[in-house]
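Trainee: If you scroll down you'll find the structure; I have some questions about it.
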Amino acid sequence: MFADAWPLAVLAILLAWPIPVFLARASWPRRHARAAIALWQAVGIAGGLSLIGAPLAVGVAPLDRHLRTGLFVLWRDAFHLRVPASLGLAQEIALALAAVLTVRLVGVTLLSALRIERDLRRQRDAVDLAAEHADRQLRVLEHAAPAAYCLPGTRPRIVITEGTIAALAPDELEAVLAHERAHARWRHELVVQPFVAWESALPLPPARRATAAVTGLVEMLADDHAARSAGRPALARALVAIGGTAGPVPSQRAGDSPKPGATPTLDRVQRLLRAAAPNLTERLIGPAAWFAAILLVAGPTWYVLR
Amino acid sequence: MANERAGGPPRLGELERAVMDVLWNAPDGTTAQEIVERLAARDGTAELAATTVLTVLDRLRRKDFVTRERAGRAHRYRAARTRDDVIASSMLAVLETTDDRRSALVRFAGAVSAEEAALLREALAELEE
């Protein structure tokens with residue numbers, strides 16, 4: 001009687017648990033960062049849609065075997081301000097669940113975007129007024145602690161401290177700047193922020209894993225740009241210099257269980273050091289991940305609209 | 001005032017910085033007219049229109065960088081926070097976000113523990129060989 005609900009529910013469960021766990025543990029994403037990001041995005045989109053689609057399909061199951069036509073019947077009746085008689089309490093609960101999930105996902109995403117934009121505007125104002133303008137983009141804060149970061153946006157700012165300049169050799173500084181410029185140039189925040197919003201909407205381990213993984217992958221993309229323009233050794237030295245003096249270690253979040261001894265910084269240095277030429281299998285993983293990403297979004301869409 | 005476009009009027013952002021510089025050097029506050037005079041004296045240029053400076057002050061007030069109070073017929077303007085405070089809170093915002101991915105800020109490199117710093121240096125030595 002649930003027709004379309006089962007496949008969608010199975011997909012939602014797969015995407016909510018085993019697939020993120022598997023993806024987060026895999027080691028190939030560090031060599032195919034872009035494809036891995038696409039796959040995470042597909043997991044996010046398909047996961048969200050199937051999570052909403054499954055209760056919807058349960059709700060409209062008495063109206064029609066197909067989700068699409070069932071929704072059409074529901075919509076037509078709702079338009080005439082009438083609830084289809086065949087809907088029982090279970091169906092109404094399922095539909096309410098779908099509605100709550102939709103409103104929550106959309107609402108939290110919008111709120112998160114607004115909050116981030118407000119924070120960024122404050123940060124931009126502060127560095128524009130209080131920091132030295134080294135050029136149109138680069139701001140230098142008079143502070144002894146080494147730090148370097150990017151304030152993303154249509155007019156991005158790259159911020160470093162006097163402490164950063166003091167701690168680094170010229171080629172290391174160039175590597176840091178190239179890394180941050182890559183974040184700014186390729187609008188990496190647009191990749192990361194949807195995951196951040198998704199995580200606030202559904203603060204569960206799979207969402208945390210996804211955000212952590214994508215954040216790390218974006219760093220690796222920026223590292224690749226920096227390594228190309230400033231060289232791997234300079235970038236690795238810069239990571240060690242900044243990471244080794246960057247203040248207290250953040251406490252681990254409860255429930256998170258990263259691999260022992262692998263903070264993102266250490267992971268990134270090791271990645272720079274072990275850049276062996278990939279064999280054939282490894283080279284095929286990238287395209288395979290792209291294909292999986294497309295399939296993951298297109299497959300369920302086709303299934304629902306068929 | 002540093003004017004990147006020769007001959008053109010200074011941009012609003014540059015004016016805001018110039019006005020903040022004046023205010024940060026005047027802990028007891030100052031009036032708009034005094035700001036006009038100090039900017040002209042500092043840069044050796046013609047005085048800006050008072051309304052221009054008032055517009056800039058208004059923008060800075062909306063950004064919470066400037067406060068004002070009545071002083072007779074005019075207003076007395078003051079920096080809401082010292083420059084060092086502004087820098088310190090910027091740094092704090094960044095340092096605090098190390099483990100908080102809900103922020104849009106991502107530092108170049110997060111902090112590592114002492115053991116990891118040692119591992120990192122080892123890894124580096126490997127690279128230099």
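Just so we're on the same page: first chain in the structure tokens is A, next is B, and so on; residues restart at 1 for each chain, and ligands are numbered from 1 in the order they show up.
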Determine, for each residue of region 105-131 of chain A having at least one atom at most 12 Å from an atom of region 171-193 of chain A, the closest pair of atoms and their separation in Å to one decimal, counting only C-alpha atoms; order by chain and ascending number, as a Markdown table.
Mentor:
```
| residue | atom | partner | partner_atom | distance |
| --- | --- | --- | --- | --- |
| A:Val108 | CA | A:Gln193 | CA | 11.7 |
| A:Thr109 | CA | A:Gln193 | CA | 8.9 |
| A:Leu110 | CA | A:Gln193 | CA | 10.8 |
| A:Leu111 | CA | A:Gln193 | CA | 11.6 |
| A:Ser112 | CA | A:Gln193 | CA | 8.3 |
| A:Ala113 | CA | A:Gln193 | CA | 7.6 |
| A:Leu114 | CA | A:Gln193 | CA | 11.1 |
| A:Arg115 | CA | A:Gln193 | CA | 11.1 |
| A:Ile116 | CA | A:Gln193 | CA | 8.6 |
| A:Glu117 | CA | A:Gln193 | CA | 10.7 |
| A:Leu120 | CA | A:Glu189 | CA | 11.4 |
```
Trainee: Next, the residues of the selection above should be written as a PDB file, in the first residue's frame with N, CA and C atoms.
Mentor:
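And here's part15.pdb as it stands now:
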```pdb
ATOM      1  N   VAL A 108      15.856  26.998   8.186  1.00  0.00           N
ATOM      2  CA  VAL A 108      17.181  27.037   8.801  1.00  0.00           C
ATOM      3  C   VAL A 108      18.238  27.452   7.774  1.00  0.00           C
ATOM      4  N   THR A 109      18.064  26.997   6.529  1.00  0.00           N
ATOM      5  CA  THR A 109      19.013  27.390   5.490  1.00  0.00           C
ATOM      6  C   THR A 109      19.014  28.907   5.313  1.00  0.00           C
ATOM      7  N   LEU A 110      17.823  29.489   5.249  1.00  0.00           N
ATOM      8  CA  LEU A 110      17.736  30.941   5.076  1.00  0.00           C
ATOM      9  C   LEU A 110      18.311  31.667   6.281  1.00  0.00           C
ATOM     10  N   LEU A 111      17.933  31.227   7.490  1.00  0.00           N
ATOM     11  CA  LEU A 111      18.439  31.875   8.703  1.00  0.00           C
ATOM     12  C   LEU A 111      19.952  31.786   8.769  1.00  0.00           C
ATOM     13  N   SER A 112      20.466  30.607   8.435  1.00  0.00           N
ATOM     14  CA  SER A 112      21.900  30.399   8.481  1.00  0.00           C
ATOM     15  C   SER A 112      22.596  31.336   7.490  1.00  0.00           C
ATOM     16  N   ALA A 113      22.026  31.467   6.300  1.00  0.00           N
ATOM     17  CA  ALA A 113      22.618  32.367   5.295  1.00  0.00           C
ATOM     18  C   ALA A 113      22.611  33.806   5.802  1.00  0.00           C
ATOM     19  N   LEU A 114      21.508  34.222   6.419  1.00  0.00           N
ATOM     20  CA  LEU A 114      21.414  35.593   6.925  1.00  0.00           C
ATOM     21  C   LEU A 114      22.416  35.837   8.039  1.00  0.00           C
ATOM     22  N   ARG A 115      22.516  34.850   8.949  1.00  0.00           N
ATOM     23  CA  ARG A 115      23.405  34.999  10.087  1.00  0.00           C
ATOM     24  C   ARG A 115      24.864  35.097   9.626  1.00  0.00           C
ATOM     25  N   ILE A 116      25.220  34.229   8.680  1.00  0.00           N
ATOM     26  CA  ILE A 116      26.592  34.245   8.173  1.00  0.00           C
ATOM     27  C   ILE A 116      26.883  35.568   7.482  1.00  0.00           C
ATOM     28  N   GLU A 117      25.912  36.062   6.685  1.00  0.00           N
ATOM     29  CA  GLU A 117      26.116  37.310   5.972  1.00  0.00           C
ATOM     30  C   GLU A 117      26.314  38.463   6.956  1.00  0.00           C
ATOM     31  N   LEU A 120      29.730  38.187   8.558  1.00  0.00           N
ATOM     32  CA  LEU A 120      30.767  38.562   7.598  1.00  0.00           C
ATOM     33  C   LEU A 120      30.827  40.068   7.415  1.00  0.00           C
TER      34      LEU A 120
END
```
Trainee: Got a sec to tell me which of chain B DSSP assigns to helix (DSSP H, G or I), as a PDB file with C-alpha atoms, in the first residue's frame?
Mentor:
```
ATOM      1  CA  LEU B  12      33.560  56.609   0.976  1.00  0.00           C
ATOM      2  CA  GLY B  13      35.528  53.665   2.383  1.00  0.00           C
ATOM      3  CA  GLU B  14      38.715  55.737   2.480  1.00  0.00           C
ATOM      4  CA  LEU B  15      36.865  58.588   4.168  1.00  0.00           C
ATOM      5  CA  GLU B  16      35.534  56.206   6.791  1.00  0.00           C
ATOM      6  CA  ARG B  17      39.043  55.019   7.555  1.00  0.00           C
ATOM      7  CA  ALA B  18      40.357  58.571   7.711  1.00  0.00           C
ATOM      8  CA  VAL B  19      37.586  59.641  10.077  1.00  0.00           C
ATOM      9  CA  MET B  20      38.161  56.591  12.290  1.00  0.00           C
ATOM     10  CA  ASP B  21      41.856  57.445  12.417  1.00  0.00           C
ATOM     11  CA  VAL B  22      40.999  60.909  13.679  1.00  0.00           C
ATOM     12  CA  LEU B  23      38.562  59.506  16.254  1.00  0.00           C
ATOM     13  CA  TRP B  24      40.995  56.857  17.455  1.00  0.00           C
ATOM     14  CA  ALA B  32      32.373  67.039  13.004  1.00  0.00           C
ATOM     15  CA  GLN B  33      33.877  70.491  12.366  1.00  0.00           C
ATOM     16  CA  GLU B  34      37.095  69.500  14.156  1.00  0.00           C
ATOM     17  CA  ILE B  35      37.291  66.357  12.050  1.00  0.00           C
ATOM     18  CA  VAL B  36      36.957  68.455   8.881  1.00  0.00           C
ATOM     19  CA  GLU B  37      39.806  70.679  10.038  1.00  0.00           C
ATOM     20  CA  ARG B  38      42.079  67.859  11.123  1.00  0.00           C
ATOM     21  CA  LEU B  39      41.636  65.970   7.877  1.00  0.00           C
ATOM     22  CA  ALA B  40      42.442  69.085   5.861  1.00  0.00           C
ATOM     23  CA  ALA B  41      45.483  69.853   8.030  1.00  0.00           C
ATOM     24  CA  ARG B  42      46.719  66.280   7.879  1.00  0.00           C
ATOM     25  CA  ASP B  43      46.503  65.919   4.128  1.00  0.00           C
ATOM     26  CA  ALA B  50      30.746  69.245   6.747  1.00  0.00           C
ATOM     27  CA  THR B  51      27.772  67.306   5.386  1.00  0.00           C
ATOM     28  CA  THR B  52      30.159  64.781   3.839  1.00  0.00           C
ATOM     29  CA  VAL B  53      31.816  64.167   7.172  1.00  0.00           C
ATOM     30  CA  LEU B  54      28.413  63.968   8.880  1.00  0.00           C
ATOM     31  CA  THR B  55      27.331  61.344   6.341  1.00  0.00           C
ATOM     32  CA  VAL B  56      30.461  59.348   7.022  1.00  0.00           C
ATOM     33  CA  LEU B  57      29.935  59.641  10.780  1.00  0.00           C
ATOM     34  CA  ASP B  58      26.370  58.482  10.354  1.00  0.00           C
ATOM     35  CA  ARG B  59      27.495  55.400   8.459  1.00  0.00           C
ATOM     36  CA  LEU B  60      30.091  54.642  11.107  1.00  0.00           C
ATOM     37  CA  ARG B  61      27.452  55.014  13.790  1.00  0.00           C
ATOM     38  CA  ARG B  62      25.238  52.494  12.025  1.00  0.00           C
ATOM     39  CA  ARG B  83      41.450  50.160  17.425  1.00  0.00           C
ATOM     40  CA  ASP B  84      43.139  47.481  19.528  1.00  0.00           C
ATOM     41  CA  ASP B  85      39.738  46.317  20.794  1.00  0.00           C
ATOM     42  CA  VAL B  86      38.425  46.044  17.247  1.00  0.00           C
ATOM     43  CA  ILE B  87      41.474  44.033  16.207  1.00  0.00           C
ATOM     44  CA  ALA B  88      41.259  41.861  19.313  1.00  0.00           C
ATOM     45  CA  SER B  89      37.624  40.989  18.725  1.00  0.00           C
ATOM     46  CA  SER B  90      38.328  40.196  15.062  1.00  0.00           C
ATOM     47  CA  MET B  91      41.063  37.831  16.166  1.00  0.00           C
ATOM     48  CA  LEU B  92      38.842  36.310  18.818  1.00  0.00           C
ATOM     49  CA  ALA B  93      36.093  35.665  16.278  1.00  0.00           C
ATOM     50  CA  VAL B  94      38.614  33.870  14.103  1.00  0.00           C
ATOM     51  CA  LEU B  95      40.363  31.898  16.813  1.00  0.00           C
ATOM     52  CA  GLU B  96      37.071  30.787  18.322  1.00  0.00           C
ATOM     53  CA  THR B  97      35.881  29.335  15.056  1.00  0.00           C
ATOM     54  CA  THR B  98      38.616  26.711  14.938  1.00  0.00           C
ATOM     55  CA  ASP B  99      36.192  23.963  15.727  1.00  0.00           C
ATOM     56  CA  ALA B 114      52.179  19.402  20.944  1.00  0.00           C
ATOM     57  CA  GLU B 115      52.461  15.771  19.787  1.00  0.00           C
ATOM     58  CA  GLU B 116      51.048  16.714  16.438  1.00  0.00           C
ATOM     59  CA  ALA B 117      53.378  19.651  16.100  1.00  0.00           C
ATOM     60  CA  ALA B 118      56.220  17.167  16.586  1.00  0.00           C
ATOM     61  CA  LEU B 119      54.704  14.851  13.981  1.00  0.00           C
ATOM     62  CA  LEU B 120      54.340  17.777  11.618  1.00  0.00           C
ATOM     63  CA  ARG B 121      57.991  18.723  11.997  1.00  0.00           C
ATOM     64  CA  GLU B 122      58.990  15.118  11.419  1.00  0.00           C
ATOM     65  CA  ALA B 123      56.862  15.027   8.290  1.00  0.00           C
ATOM     66  CA  LEU B 124      58.514  18.195   7.166  1.00  0.00           C
ATOM     67  CA  ALA B 125      62.014  16.840   7.686  1.00  0.00           C
ATOM     68  CA  GLU B 126      61.000  13.933   5.488  1.00  0.00           C
ATOM     69  CA  LEU B 127      60.017  16.381   2.784  1.00  0.00           C
ATOM     70  CA  GLU B 128      63.238  18.363   2.944  1.00  0.00           C
TER      71      GLU B 128
END
```
Trainee: Enumerate the residues of chain B with a DSSP assignment of strand (DSSP E), computed from the backbone, and present them as a PyMOL selection string.
Mentor: chain B and resi 66-71+74-79
Trainee: May I have the selected residues written with N, CA and C atoms, as a compact mmCIF listing (two decimals), in the first residue's frame?
Mentor:
```
# COMPACT_ATOMS: atom_id res chain seq x y z
N VAL B 66 31.05 54.16 16.02
CA VAL B 66 31.08 55.52 16.56
C VAL B 66 29.85 55.74 17.42
N THR B 67 30.05 56.46 18.52
CA THR B 67 28.91 56.90 19.33
C THR B 67 28.92 58.42 19.34
N ARG B 68 27.80 59.02 19.68
CA ARG B 68 27.81 60.48 19.76
C ARG B 68 26.96 60.91 20.95
N GLU B 69 27.23 62.10 21.41
CA GLU B 69 26.40 62.68 22.47
C GLU B 69 26.25 64.16 22.17
N ARG B 70 25.18 64.74 22.68
CA ARG B 70 24.96 66.17 22.47
C ARG B 70 25.99 66.99 23.23
N ALA B 71 26.50 68.02 22.60
CA ALA B 71 27.40 68.94 23.28
C ALA B 71 27.02 70.34 22.82
N ALA B 74 26.06 71.23 18.91
CA ALA B 74 26.61 70.22 18.01
C ALA B 74 26.62 68.85 18.70
N HIS B 75 27.16 67.85 18.00
CA HIS B 75 27.36 66.53 18.60
C HIS B 75 28.83 66.30 18.81
N ARG B 76 29.11 65.54 19.84
CA ARG B 76 30.49 65.13 20.08
C ARG B 76 30.59 63.66 19.71
N TYR B 77 31.53 63.33 18.82
CA TYR B 77 31.66 61.96 18.33
C TYR B 77 32.85 61.28 18.98
N ARG B 78 32.70 60.00 19.19
CA ARG B 78 33.72 59.23 19.89
C ARG B 78 33.80 57.84 19.25
N ALA B 79 34.99 57.26 19.22
CA ALA B 79 35.11 55.88 18.75
C ALA B 79 34.46 54.96 19.79
```
